[in-house]
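**Student:** Just one file: query-v3.csv, with CSV, C-alpha atoms and all ligand atoms.
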```csv
chain,number,residue,atom,x,y,z
A,198,MET,CA,-20.5,-0.1,-10.9
A,199,ASN,CA,-23.4,2.2,-11.7
A,200,GLN,CA,-21.9,5.7,-11.8
A,201,SER,CA,-25.1,7.6,-11.6
A,202,GLU,CA,-26.1,5.7,-8.5
A,203,ARG,CA,-22.7,6.3,-7.0
A,204,ARG,CA,-22.0,10.0,-7.4
A,205,PRO,CA,-25.0,11.6,-5.5
A,206,ASP,CA,-24.2,9.5,-2.4
A,207,LEU,CA,-20.6,10.3,-2.6
A,208,GLU,CA,-21.1,14.0,-3.2
A,209,CYS,CA,-23.6,14.5,-0.4
A,210,GLU,CA,-21.2,13.0,2.1
A,211,ASN,CA,-17.8,13.9,0.8
A,212,PRO,CA,-17.0,17.4,-0.4
A,213,TYR,CA,-14.0,16.0,-2.4
A,214,ILE,CA,-12.4,12.8,-3.5
A,215,LEU,CA,-8.9,11.8,-2.3
A,216,LEU,CA,-6.3,11.3,-4.9
A,217,THR,CA,-3.8,10.9,-2.0
A,218,PRO,CA,-3.2,7.3,-1.1
A,219,GLY,CA,-3.8,7.0,1.6
A,220,PRO,CA,-6.2,7.3,3.1
A,221,LEU,CA,-8.1,7.2,-0.1
A,222,SER,CA,-11.7,7.6,-1.2
A,223,THR,CA,-13.9,4.7,-0.1
A,224,SER,CA,-17.4,3.7,-1.2
A,225,VAL,CA,-20.4,4.9,0.8
A,226,THR,CA,-21.2,1.2,1.5
A,227,VAL,CA,-17.8,0.7,3.1
A,228,ARG,CA,-18.3,3.8,5.3
A,229,ARG,CA,-21.9,2.7,6.2
A,230,ALA,CA,-20.6,-0.7,7.5
A,231,MET,CA,-19.2,1.2,10.5
A,232,LEU,CA,-22.5,2.4,11.9
A,233,ARG,CA,-23.0,-0.3,14.5
A,234,ASP,CA,-20.9,-1.4,17.5
A,235,TRP,CA,-19.5,-4.9,17.9
A,236,CYS,CA,-18.8,-7.1,20.9
A,237,THR,CA,-15.3,-8.7,20.6
A,238,TRP,CA,-16.0,-11.7,22.8
A,239,ASP,CA,-18.4,-13.5,20.5
A,240,ASP,CA,-18.4,-15.4,17.3
A,241,ASP,CA,-20.5,-12.8,15.6
A,242,TYR,CA,-17.4,-10.6,15.4
A,243,ASN,CA,-14.4,-13.0,15.8
A,244,GLY,CA,-15.8,-15.9,13.8
A,245,ASP,CA,-18.0,-14.1,11.4
A,246,ILE,CA,-15.9,-11.1,10.5
A,247,VAL,CA,-12.3,-11.4,11.6
A,248,THR,CA,-11.7,-15.0,10.6
A,249,PRO,CA,-13.2,-14.7,7.1
A,250,ILE,CA,-11.0,-11.6,6.5
A,251,ARG,CA,-7.9,-13.6,7.4
A,252,GLU,CA,-8.9,-16.4,5.2
A,253,GLY,CA,-9.9,-14.0,2.4
A,254,LEU,CA,-6.5,-12.3,2.5
A,255,VAL,CA,-4.7,-15.7,2.4
A,256,LYS,CA,-6.7,-16.5,-0.8
A,257,LEU,CA,-5.7,-13.2,-2.3
A,258,ALA,CA,-2.1,-13.9,-1.4
A,259,SER,CA,-1.7,-17.1,-3.2
A,260,SER,CA,-3.7,-19.4,-5.4
A,261,VAL,CA,-0.9,-21.8,-6.1
A,262,ARG,CA,0.1,-22.5,-2.4
A,263,PRO,CA,-2.6,-21.0,-0.1
A,264,GLU,CA,-2.0,-23.8,2.4
A,265,ASP,CA,1.5,-22.4,3.1
A,266,TYR,CA,0.3,-19.0,4.2
A,267,THR,CA,-1.4,-17.4,7.2
A,268,CYS,CA,-2.4,-13.9,8.0
A,269,VAL,CA,-1.8,-11.7,11.1
A,270,LEU,CA,-3.9,-8.5,11.5
A,271,MET,CA,-2.2,-5.7,13.4
A,272,GLN,CA,-3.6,-2.5,14.9
A,273,GLY,CA,-2.3,0.9,13.7
A,274,SER,CA,-1.3,2.5,10.4
A,275,GLY,CA,0.7,0.6,7.8
A,276,THR,CA,4.0,1.5,9.3
A,277,PHE,CA,3.1,-0.3,12.6
A,278,SER,CA,2.7,-3.5,10.6
A,279,VAL,CA,6.1,-2.9,8.8
A,280,GLU,CA,7.8,-2.3,12.2
A,281,SER,CA,6.0,-5.4,13.6
A,282,MET,CA,7.3,-7.6,10.8
A,283,ILE,CA,10.9,-6.3,10.9
A,284,GLY,CA,11.1,-6.3,14.7
A,285,SER,CA,9.5,-9.7,15.0
A,286,VAL,CA,11.1,-11.9,12.4
A,287,LEU,CA,14.8,-11.1,12.6
A,288,PRO,CA,16.7,-13.1,15.3
A,289,THR,CA,19.2,-11.3,17.4
A,290,ASP,CA,22.1,-12.5,15.2
A,291,GLY,CA,20.2,-11.8,12.0
A,292,ARG,CA,21.4,-9.3,9.3
A,293,LEU,CA,19.0,-7.5,7.1
A,294,LEU,CA,19.7,-6.2,3.5
A,295,ILE,CA,17.4,-3.3,2.7
A,296,LEU,CA,16.8,-2.3,-0.9
A,297,SER,CA,15.9,1.4,-0.8
A,298,ASN,CA,14.8,3.9,-3.5
A,299,GLY,CA,12.5,6.3,-1.9
A,300,GLY,CA,10.9,7.5,1.3
A,301,TYR,CA,9.4,4.2,2.3
A,302,GLY,CA,12.7,2.4,1.7
A,303,ALA,CA,14.3,5.0,4.0
A,304,ARG,CA,11.6,4.2,6.6
A,305,LEU,CA,12.7,0.6,6.5
A,306,VAL,CA,16.2,1.7,7.3
A,307,GLU,CA,15.0,4.0,10.1
A,308,ILE,CA,13.1,1.0,11.6
A,309,ALA,CA,16.2,-1.2,11.5
A,310,LYS,CA,18.2,1.5,13.1
A,311,ARG,CA,15.7,2.2,15.9
A,312,LEU,CA,15.4,-1.5,16.7
A,313,ARG,CA,19.2,-1.9,16.6
A,314,ILE,CA,19.0,-4.6,13.9
A,315,ASP,CA,22.2,-5.2,12.0
A,316,HIS,CA,21.6,-4.1,8.5
A,317,VAL,CA,23.1,-3.1,5.2
A,318,VAL,CA,21.5,-0.7,2.7
A,319,HIS,CA,21.5,-0.7,-1.1
A,320,ASP,CA,20.3,2.7,-2.0
A,321,THR,CA,19.8,3.4,-5.7
A,322,GLY,CA,18.3,6.9,-5.3
A,323,GLU,CA,14.8,7.9,-5.9
A,324,LEU,CA,14.8,7.6,-9.7
A,325,ALA,CA,16.4,4.2,-10.2
A,326,PRO,CA,15.2,0.7,-9.6
A,327,PRO,CA,17.2,-1.7,-7.4
A,328,ASP,CA,20.6,-2.9,-8.8
A,329,LEU,CA,20.0,-6.6,-9.4
A,330,VAL,CA,23.7,-7.4,-10.2
A,331,ARG,CA,24.9,-5.8,-7.0
A,332,LEU,CA,22.1,-7.6,-5.1
A,333,GLU,CA,23.3,-11.0,-6.5
A,334,GLU,CA,26.9,-10.2,-5.7
A,335,THR,CA,26.2,-9.0,-2.2
A,336,LEU,CA,24.2,-12.1,-1.4
A,337,GLU,CA,27.0,-14.3,-2.8
A,338,THR,CA,29.8,-12.6,-0.8
A,339,ASP,CA,28.1,-11.6,2.5
A,340,GLY,CA,27.0,-14.9,4.0
A,341,SER,CA,25.9,-13.2,7.2
A,342,ILE,CA,22.8,-11.6,5.5
A,343,SER,CA,19.8,-13.6,6.7
A,344,HIS,CA,16.9,-11.5,5.4
A,345,VAL,CA,16.2,-9.1,2.5
A,346,VAL,CA,13.5,-6.5,2.5
A,347,MET,CA,12.2,-4.2,-0.3
A,348,VAL,CA,9.3,-1.9,-1.0
A,349,HIS,CA,7.1,-3.2,-3.8
A,350,ASN,CA,5.5,0.0,-5.2
A,351,GLU,CA,7.6,2.9,-3.9
A,352,THR,CA,4.7,5.4,-3.2
A,353,THR,CA,7.2,8.3,-3.1
A,354,THR,CA,7.6,8.2,-6.8
A,355,GLY,CA,5.1,5.6,-8.0
A,356,MET,CA,7.9,3.3,-9.1
A,357,MET,CA,7.0,-0.3,-9.4
A,358,ASN,CA,10.0,-2.2,-8.2
A,359,PRO,CA,10.9,-5.5,-9.9
A,360,LEU,CA,9.4,-7.9,-7.4
A,361,THR,CA,9.7,-11.0,-9.5
A,362,ASP,CA,13.4,-10.5,-10.3
A,363,VAL,CA,14.3,-9.6,-6.7
A,364,ALA,CA,12.4,-12.6,-5.4
A,365,ARG,CA,14.1,-14.9,-7.8
A,366,ILE,CA,17.6,-13.7,-6.6
A,367,VAL,CA,16.7,-13.7,-2.9
A,368,LYS,CA,15.2,-17.1,-3.0
A,369,ALA,CA,18.0,-18.6,-5.0
A,370,ALA,CA,20.3,-17.4,-2.3
A,371,GLN,CA,18.0,-18.9,0.3
A,372,LYS,CA,17.4,-15.8,2.3
A,373,VAL,CA,14.1,-14.9,4.0
A,374,PHE,CA,12.3,-12.4,1.8
A,375,LEU,CA,10.2,-9.6,3.3
A,376,VAL,CA,8.1,-7.2,1.3
A,377,ASP,CA,6.4,-3.9,2.0
A,378,SER,CA,3.6,-4.1,-0.6
A,379,MET,CA,1.5,-1.5,1.2
A,380,SER,CA,0.4,0.3,-1.9
A,381,ALA,CA,0.2,-2.6,-4.4
A,382,PHE,CA,-1.3,-5.7,-2.7
A,383,GLY,CA,-4.9,-6.1,-3.7
A,384,GLY,CA,-4.5,-3.8,-6.7
A,385,VAL,CA,-1.7,-5.5,-8.6
A,386,PRO,CA,-1.8,-9.2,-9.5
A,387,PHE,CA,1.0,-11.4,-8.2
A,388,ASP,CA,1.2,-14.7,-6.2
A,389,LEU,CA,3.3,-14.9,-3.0
A,390,GLY,CA,3.6,-18.6,-3.3
A,391,GLU,CA,4.9,-18.5,-6.8
A,392,LEU,CA,7.5,-15.9,-5.8
A,393,GLY,CA,8.4,-17.5,-2.6
A,394,ILE,CA,7.7,-14.4,-0.5
A,395,ASP,CA,8.1,-15.2,3.2
A,396,PHE,CA,6.4,-12.1,4.8
A,397,LEU,CA,4.5,-9.3,3.1
A,398,VAL,CA,2.8,-6.3,4.7
A,399,SER,CA,-0.1,-4.2,3.5
A,400,SER,CA,-2.9,-2.2,5.1
A,401,ALA,CA,-6.6,-1.7,5.2
A,402,ASN,CA,-6.6,1.7,3.5
A,403,LYS,CA,-4.8,1.1,0.3
A,404,CYS,CA,-5.8,-1.0,-2.7
A,405,ILE,CA,-8.4,-3.0,-0.8
A,406,GLN,CA,-10.2,0.3,-0.2
A,407,GLY,CA,-11.0,0.1,3.5
A,408,VAL,CA,-10.6,2.9,6.0
A,409,PRO,CA,-7.4,3.4,8.0
A,410,GLY,CA,-6.8,1.7,11.4
A,411,PHE,CA,-5.0,-1.6,10.9
A,412,GLY,CA,-2.5,-3.4,8.7
A,413,PHE,CA,-1.8,-7.1,8.0
A,414,VAL,CA,1.1,-9.4,7.5
A,415,LEU,CA,0.8,-12.4,5.2
A,416,ALA,CA,3.4,-15.0,6.3
A,417,LYS,CA,4.6,-18.4,5.4
A,418,ARG,CA,3.3,-20.3,8.4
A,419,ASP,CA,6.6,-22.4,8.8
A,420,GLU,CA,8.7,-19.2,8.8
A,421,LEU,CA,6.4,-17.4,11.2
A,422,ILE,CA,6.5,-20.3,13.7
A,423,LYS,CA,10.3,-20.1,13.7
A,424,THR,CA,10.1,-16.5,15.0
A,425,LYS,CA,8.5,-17.3,18.4
A,426,GLY,CA,10.1,-15.1,21.1
A,427,PHE,CA,12.1,-12.9,18.6
A,428,ALA,CA,9.9,-9.7,18.9
A,429,ARG,CA,11.5,-6.5,20.2
A,430,SER,CA,8.2,-5.0,21.2
A,431,LEU,CA,5.2,-6.2,23.3
A,432,SER,CA,2.3,-4.7,21.3
A,433,LEU,CA,3.9,-5.3,17.9
A,434,ASP,CA,4.8,-8.9,18.6
A,435,LEU,CA,3.8,-10.6,15.4
A,436,TYR,CA,4.0,-14.2,16.6
A,437,SER,CA,2.0,-13.5,19.7
A,438,GLN,CA,-0.7,-11.7,17.8
A,439,TRP,CA,-0.9,-14.6,15.4
A,440,GLN,CA,-1.1,-17.1,18.2
A,441,THR,CA,-4.0,-15.2,19.9
A,442,LEU,CA,-5.9,-14.9,16.6
A,443,GLU,CA,-5.4,-18.6,15.9
A,444,GLU,CA,-6.2,-19.9,19.4
A,445,GLY,CA,-9.0,-17.4,20.1
A,446,GLY,CA,-10.8,-18.0,16.8
A,447,GLY,CA,-10.2,-14.4,15.5
A,448,LYS,CA,-9.6,-12.7,18.9
A,449,TRP,CA,-7.1,-9.8,18.8
A,450,ARG,CA,-4.6,-9.5,21.6
A,451,TYR,CA,-5.5,-5.9,22.5
A,452,THR,CA,-8.6,-3.8,21.6
A,453,SER,CA,-9.6,-4.5,18.1
A,454,PRO,CA,-10.5,-1.6,15.8
A,455,THR,CA,-14.0,-3.1,15.3
A,456,HIS,CA,-15.6,-0.5,13.1
A,457,VAL,CA,-12.6,-0.4,10.8
A,458,VAL,CA,-12.5,-4.2,10.6
A,459,ARG,CA,-16.2,-4.4,9.8
A,460,ALA,CA,-15.7,-1.8,7.0
A,461,PHE,CA,-12.8,-3.8,5.7
A,462,ALA,CA,-15.0,-6.9,5.5
A,463,GLN,CA,-17.3,-4.9,3.3
A,464,ALA,CA,-14.3,-3.7,1.2
A,465,MET,CA,-13.3,-7.3,0.6
A,466,VAL,CA,-16.8,-8.1,-0.6
A,467,GLU,CA,-16.7,-5.2,-3.0
A,468,LEU,CA,-13.2,-6.2,-4.3
A,469,GLU,CA,-14.7,-9.6,-5.2
A,470,GLU,CA,-17.8,-8.0,-6.7
A,471,GLU,CA,-15.6,-5.9,-8.9
A,472,GLY,CA,-14.0,-9.0,-10.3
A,473,GLY,CA,-11.1,-9.4,-7.9
A,474,VAL,CA,-7.5,-8.1,-8.2
A,475,PRO,CA,-7.3,-8.4,-12.0
A,476,ALA,CA,-10.4,-6.2,-12.5
A,477,ARG,CA,-9.1,-3.7,-9.9
A,478,PHE,CA,-5.7,-3.5,-11.6
A,479,ALA,CA,-7.5,-2.9,-14.9
A,480,ARG,CA,-9.5,0.0,-13.4
A,481,TYR,CA,-6.4,1.6,-11.8
A,482,THR,CA,-4.5,1.2,-15.0
A,483,GLU,CA,-7.3,2.9,-17.0
A,484,ASN,CA,-7.5,5.7,-14.4
A,485,GLN,CA,-3.8,6.3,-14.7
A,486,ARG,CA,-3.8,6.2,-18.5
A,487,ILE,CA,-6.6,8.8,-18.7
A,488,LEU,CA,-4.7,10.9,-16.1
A,489,VAL,CA,-1.3,10.9,-17.9
A,490,GLU,CA,-2.7,11.4,-21.4
A,491,GLY,CA,-4.8,14.3,-20.2
A,492,MET,CA,-2.0,15.9,-18.2
A,493,GLU,CA,0.4,15.5,-21.2
A,494,ARG,CA,-2.2,17.3,-23.4
A,495,LEU,CA,-2.1,20.1,-20.9
A,496,GLY,CA,1.7,20.3,-21.1
A,497,PHE,CA,2.7,18.4,-17.9
A,498,ARG,CA,5.5,15.8,-17.8
A,499,THR,CA,5.7,12.8,-15.6
A,500,VAL,CA,8.7,12.4,-13.3
A,501,LEU,CA,9.2,8.7,-14.1
A,502,PRO,CA,9.6,7.1,-17.5
A,503,ARG,CA,6.6,4.9,-18.4
A,504,GLU,CA,8.5,1.6,-18.0
A,505,LEU,CA,9.1,2.3,-14.3
A,506,GLN,CA,5.7,3.8,-13.5
A,507,SER,CA,3.0,1.9,-11.6
A,508,PRO,CA,-0.7,2.6,-12.0
A,509,ILE,CA,-0.9,3.6,-8.3
A,510,ILE,CA,0.4,7.1,-8.1
A,511,THR,CA,2.1,9.4,-10.6
A,512,GLY,CA,4.5,12.3,-10.1
A,513,PHE,CA,4.4,15.3,-12.4
A,514,TYR,CA,6.9,18.1,-12.7
A,515,ASP,CA,5.7,21.5,-11.5
A,516,PRO,CA,5.0,23.9,-14.4
A,517,GLU,CA,7.9,26.1,-15.2
A,518,SER,CA,6.4,29.5,-14.3
A,519,ASP,CA,7.2,32.0,-11.6
A,520,GLN,CA,3.5,32.4,-11.0
A,521,TYR,CA,3.0,28.7,-10.1
A,522,GLU,CA,2.6,27.9,-6.5
A,523,PHE,CA,1.6,24.4,-5.3
A,524,LYS,CA,-0.6,25.6,-2.4
A,525,ARG,CA,-2.7,27.8,-4.7
A,526,PHE,CA,-3.1,25.0,-7.3
A,527,TYR,CA,-4.0,22.5,-4.6
A,528,SER,CA,-6.6,24.8,-3.1
A,529,LEU,CA,-8.3,25.5,-6.5
A,530,LEU,CA,-8.5,21.8,-7.1
A,531,LYS,CA,-9.8,21.0,-3.6
A,532,GLU,CA,-12.6,23.6,-4.0
A,533,LYS,CA,-13.6,21.8,-7.2
A,534,GLY,CA,-13.7,18.4,-5.5
A,535,PHE,CA,-10.2,16.9,-5.9
A,536,VAL,CA,-7.4,16.5,-3.3
A,537,ILE,CA,-3.9,15.9,-4.7
A,538,TYR,CA,-0.5,15.2,-3.1
A,539,PRO,CA,2.6,17.3,-2.8
A,540,GLY,CA,5.7,15.8,-4.4
A,541,LYS,CA,8.3,14.0,-2.3
A,542,VAL,CA,11.3,13.5,-4.6
A,543,THR,CA,14.5,15.3,-3.4
A,544,GLY,CA,15.7,18.1,-5.6
A,545,ILE,CA,12.7,17.9,-8.0
A,546,SER,CA,9.7,20.3,-7.8
A,547,SER,CA,6.8,18.1,-8.4
A,548,PHE,CA,3.3,17.0,-7.3
A,549,ARG,CA,1.6,13.6,-7.2
A,550,ILE,CA,-1.8,12.3,-8.2
A,551,GLY,CA,-3.0,8.9,-6.9
A,552,THR,CA,-5.2,6.7,-9.1
A,553,ILE,CA,-6.3,4.1,-6.4
A,554,GLY,CA,-9.4,4.0,-4.2
A,555,HIS,CA,-13.1,4.3,-5.0
A,556,VAL,CA,-12.3,6.5,-8.1
A,557,PHE,CA,-13.1,5.8,-11.7
A,558,PRO,CA,-12.1,6.8,-15.2
A,559,GLU,CA,-15.0,9.3,-15.2
A,560,ASP,CA,-13.4,11.0,-12.2
A,561,PHE,CA,-10.1,11.4,-14.0
A,562,ARG,CA,-11.9,12.9,-17.1
A,563,ARG,CA,-13.5,15.5,-14.8
A,564,LEU,CA,-10.2,16.1,-13.1
A,565,ILE,CA,-8.4,16.8,-16.4
A,566,ASN,CA,-11.1,19.4,-17.2
A,567,VAL,CA,-10.8,21.0,-13.7
A,568,ILE,CA,-7.0,21.1,-14.0
A,569,GLY,CA,-7.4,22.7,-17.4
A,570,GLU,CA,-9.6,25.4,-15.9
A,571,SER,CA,-7.3,25.9,-12.9
A,572,MET,CA,-4.0,26.7,-14.7
A,573,TYR,CA,-4.0,30.3,-13.4
A,574,TRP,CA,-0.3,30.7,-14.2
A,575,LYS,CA,-1.1,30.4,-17.9
A,576,ARG,CA,-3.4,33.3,-18.0
B,1,LIG,C1,1.2,4.0,2.8
B,1,LIG,C2,2.5,3.3,2.8
B,1,LIG,C3,3.1,2.8,4.1
B,1,LIG,C4,2.5,3.0,5.4
B,1,LIG,O1,2.2,4.3,5.7
B,1,LIG,P1,1.3,4.7,7.0
B,1,LIG,O2,1.2,6.1,6.9
B,1,LIG,O3,2.0,4.2,8.2
B,1,LIG,O4,0.0,4.0,6.7
B,1,LIG,C5,4.3,2.1,4.0
B,1,LIG,N1,4.9,1.8,2.8
B,1,LIG,C6,4.3,2.2,1.7
B,1,LIG,C7,5.1,1.8,0.4
B,1,LIG,C8,3.2,2.9,1.6
B,1,LIG,O5,2.7,3.3,0.4
```
Taking this structure as input, can you express it in the form of C-alpha cells?

**Tutor:**
Amino acid sequence: MNQSERRPDLECENPYILLTPGPLSTSVTVRRAMLRDWCTWDDDYNGDIVTPIREGLVKLASSVRPEDYTCVLMQGSGTFSVESMIGSVLPTDGRLLILSNGGYGARLVEIAKRLRIDHVVHDTGELAPPDLVRLEETLETDGSISHVVMVHNETTTGMMNPLTDVARIVKAAQKVFLVDSMSAFGGVPFDLGELGIDFLVSSANKCIQGVPGFGFVLAKRDELIKTKGFARSLSLDLYSQWQTLEEGGGKWRYTSPTHVVRAFAQAMVELEEEGGVPARFARYTENQRILVEGMERLGFRTVLPRELQSPIITGFYDPESDQYEFKRFYSLLKEKGFVIYPGKVTGISSFRIGTIGHVFPEDFRRLINVIGESMYWKR
C-alpha cells in the first residue's frame, strides 16, 4: 500500500479516521465502488457480485474443509445476523449455553430472552476469560444443552476469547457450536473446519473493511439443512434466506443492500491484494503494538493484561487527574483527525482505541504525537 498515494484521497474526503470499530475507516476505492446503481434481477449483480462474495467467504472460512461450509448474507447490522443465527438454529426444545464476558455476550443473553429460548449463562465478568473447567463440567452434567455460543473477540474490552479451547470442549461433548466472530473474522487467522465450528457470524464493516449494511453467517451445510422451519422470525429466517440465495443464484429474499454489497466485493479484493488474513492480522498487530508502546510512554495503562489482549481494540485507563474529561479529550483528537471510543467496562473509567480498518502503522505514530500534544490535564 502506497501511503503517499493514499493519504491525500482520504484527507480530502474524510475529515478524520475512525478508530471506533465499527463502522471503521474504509479505503477510498471501497467507497467509490458504491457510485453506481445495480439491478437485482440479473446475473451482473447476483451471479457476478453476490455469488463470488459467498464463495470467497467460504474460502476464508476454511481451507481444510471448504466443501462442508456455505454462506448466508443477511441485511442489517451485525446484531441482525446474530439474532438470525440464534433464532433460526435452535429447535423449540433446544437449550443454549451462553459464555459471556462483556457487552456482546450480554447481547447474546438478551436475544435468547427475547426469543424465549431456553438458556443457561456462564458469566465470568468483563475482565476474565471463560471458565473452561466449569464449561466441561456443565456439558457433562446437563445433557439438555444442545448448543453453545460465545463471542470470539469481545469488543467491549478487546479480549480475545480462547476459541480453540472452547471449540475442543464443545465438539468433544457433541454440541452445536455457534460463534459471534464479528470483530475477528477476516482479521485473525483460524479455520472453522479445523475447529469444527457449526455457525459463525461476522459483518461487512469489521475486519473485511466494507461499509455497514449487512452481515453474514458461515454455516456447516449439513447443520443448516437440519434447521428448516425453526426460525422465530420471518425476515431473519436464516434457512429461507439461504434457500433463496442458493436457488436464485445469488438472489436475496428481500431488497438487497446493493451498494454496500458492491463495496464489500471491492473490500474482498483488497483483502486478497494485501496478502489475505495473515497479512491483515500482521498489520493490525503492528498497529496495536505501536499504539500500546506509545501510550505507555505517555503514561497510560491498558485495562487488560497483554496475554488476554487482541490486536483489534484496546482499552486504556483514564488519566488520574481531576482536570481530565473524556469529552474534551475526544473533541481535541477529533479536531486533529482521530475519532476514539468511550470505555464500556463497568466500574472502570476508561476509553478505547480500535486498530482495525483502513488504518496503518503510520496513522498510529501520528496519533501518539497528537495524543502527546492533547494532554491538557498535564499542563
Ligand atoms: C460490532 C459487533 C457486533 C454487532 O454490532 P452491530 O452494532 O449490530 O453491528 C456484535 N458482536 C461483536 C463482538 C461486535 O464487535

**Student:** Taking all atoms listed in the file into account, list the residues no farther than 7 Å from ligand LIG 1 (chain B), as a list in words.

**Tutor:**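 The neighbouring residues of ligand LIG 1 (chain B) are, in order, Pro218, Gly219, Ser274, Gly275, Thr276, Phe277, Tyr301, Val348, His349, Asn350, Glu351, Thr352, Asp377, Ser378, Met379 and Ser380 of chain A.
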
**Student:** Pick from A:Gly569, A:Gly426, A:Gly512, A:Pro409: nearest to Tyr538 in chain A, with only C-alpha atoms counted?

**Tutor:**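 Once distances to Tyr538 in chain A are computed over only C-alpha atoms, the minimum belongs to A:Gly512.
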
**Student:** Go ahead and find all residues with at least one atom no further than 7 Å from (-2.8, 2.8, -8.2) in the file's coordinates, using only C-alpha atoms; report them as a PyMOL selection string.

**Tutor:** chain A and resi 384+481+507-510+551-553

**Student:** For the selection just defined, write its residues with C-alpha atoms to a file, as a JSON list (two decimals), keeping the file's coordinate frame.

**Tutor:**
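The resulting file, again-v8.json, is reproduced below:
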```
[["chain", "number", "residue", "atom", "x", "y", "z"],
["A", 384, "GLY", "CA", -4.50, -3.80, -6.70],
["A", 481, "TYR", "CA", -6.40, 1.60, -11.80],
["A", 507, "SER", "CA", 3.00, 1.90, -11.60],
["A", 508, "PRO", "CA", -0.70, 2.60, -12.00],
["A", 509, "ILE", "CA", -0.90, 3.60, -8.30],
["A", 510, "ILE", "CA", 0.40, 7.10, -8.10],
["A", 551, "GLY", "CA", -3.00, 8.90, -6.90],
["A", 552, "THR", "CA", -5.20, 6.70, -9.10],
["A", 553, "ILE", "CA", -6.30, 4.10, -6.40]]
```

**Student:** Point out the residue among A:Asp515, A:Ile250, A:Val376, A:Asp241 with the least atom-to-atom distance to Leu305 in chain A, counting only C-alpha atoms.

**Tutor:** A:Val376

**Student:** Considering all atoms listed in the file, return as an MDAnalysis selection string whatever protein or nucleic-acid residues lie within 12 Å of range 255-260 of chain A, sequence-local ones (same chain, fewer than 5 positions apart) excluded.

**Tutor:** chainID A and resid 248:250 265:270 378 381:399 405 413:418 465 468:469 473:475

**Student:** What's the 10 Å shell around range 332-340 of chain A, counting all atoms listed in the file, without same-chain residues fewer than 5 positions away, as a VMD selection string?

**Tutor:** chain A and resid 292 294 296 317 319 327 345 363 366 to 367 369 to 372

**Student:** How many Å separate CA of Lys524 in chain A from CA of Val567 in chain A?

**Tutor:**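 Taking CA of Lys524 in chain A and CA of Val567 in chain A, their separation equals 15.9 Å.
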
**Student:** Can you tell me, as JSON, numbers by chain, what residues are no more than 8 Å from Ser222 in chain A when counting all atoms listed in the file, ignoring any on the same chain fewer than 3 positions away?

**Tutor:** {"A": [214, 215, 216, 406, 554, 555, 556]}

**Student:** Counting only C-alpha atoms, which residue out of A:Leu435, A:Tyr514, A:Val330, A:Arg494 sits closest to Glu280 in chain A?

**Tutor:** A:Leu435

**Student:** Between A:Asn211, A:Thr237, A:Thr511, A:Ser343, single out the one closest to Thr289 in chain A, counting all atoms listed in the file.

**Tutor:**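 Ranked by minimum distance to Thr289 in chain A, first place goes to A:Ser343.
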
**Student:** The centre and edge lengths of an axis-aligned box containing all atoms of range 272-287 of chain A present in the file, extended by 8 Å on each side, are to be given in Å to one decimal, as AutoDock Vina command-line options.

**Tutor:**
```
--center_x 5.6 --center_y -4.7 --center_z 11.4 --size_x 34.4 --size_y 30.4 --size_z 23.2
```

**Student:** Counting only C-alpha atoms, select every polymer residue within 8 Å of (6.7, 11.7, -15.6) as defined in the file's coordinates, and provide the selection as a list in words.

**Tutor:**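 Within the cut-off we find Arg498, Thr499, Val500, Leu501, Pro502, Arg503, Thr511, Gly512, Phe513 and Tyr514 of chain A.
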
**Student:** Which residues, written as a list in words, have at least one atom at most 9 Å from Ala462 in chain A, with only C-alpha atoms counted and residues fewer than 6 positions away on the same chain left out?

**Tutor:**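 The residues satisfying every condition are Val227, Ala230, Ile246, Val247, Pro249, Ile250 and Gly407 of chain A.
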
**Student:** Just the residues within 7 Å of Val457 in chain A, please, counting all atoms listed in the file, with nothing from its chain fewer than 2 positions along; format it as a PyMOL selection string.

**Tutor:** chain A and resi 231+408+410+454-455+459-461

**Student:** Mind filling out range 509-519 of chain A with N, CA and C atoms and sending it as a CSV table (one decimal), in the coordinates of the input?

**Tutor:**
```
chain,number,residue,atom,x,y,z
A,509,ILE,N,-0.5,3.2,-9.6
A,509,ILE,CA,-0.9,3.6,-8.3
A,509,ILE,C,-0.9,5.1,-8.0
A,510,ILE,N,0.2,5.7,-8.3
A,510,ILE,CA,0.4,7.1,-8.1
A,510,ILE,C,1.4,7.6,-9.1
A,511,THR,N,1.2,8.8,-9.6
A,511,THR,CA,2.1,9.4,-10.6
A,511,THR,C,2.6,10.8,-10.2
A,512,GLY,N,3.9,11.0,-10.4
A,512,GLY,CA,4.5,12.3,-10.1
A,512,GLY,C,4.6,13.1,-11.4
A,513,PHE,N,4.3,14.4,-11.3
A,513,PHE,CA,4.4,15.3,-12.4
A,513,PHE,C,5.3,16.5,-12.0
A,514,TYR,N,6.1,16.9,-12.9
A,514,TYR,CA,6.9,18.1,-12.7
A,514,TYR,C,6.0,19.3,-12.5
A,515,ASP,N,6.4,20.2,-11.6
A,515,ASP,CA,5.7,21.5,-11.5
A,515,ASP,C,5.8,22.2,-12.8
A,516,PRO,N,4.9,23.1,-13.2
A,516,PRO,CA,5.0,23.9,-14.4
A,516,PRO,C,6.1,24.9,-14.2
A,517,GLU,N,6.8,25.2,-15.3
A,517,GLU,CA,7.9,26.1,-15.2
A,517,GLU,C,7.4,27.5,-15.4
A,518,SER,N,6.9,28.1,-14.3
A,518,SER,CA,6.4,29.5,-14.3
A,518,SER,C,6.6,30.1,-12.9
A,519,ASP,N,7.0,31.4,-12.9
A,519,ASP,CA,7.2,32.0,-11.6
A,519,ASP,C,5.9,32.2,-10.9
```
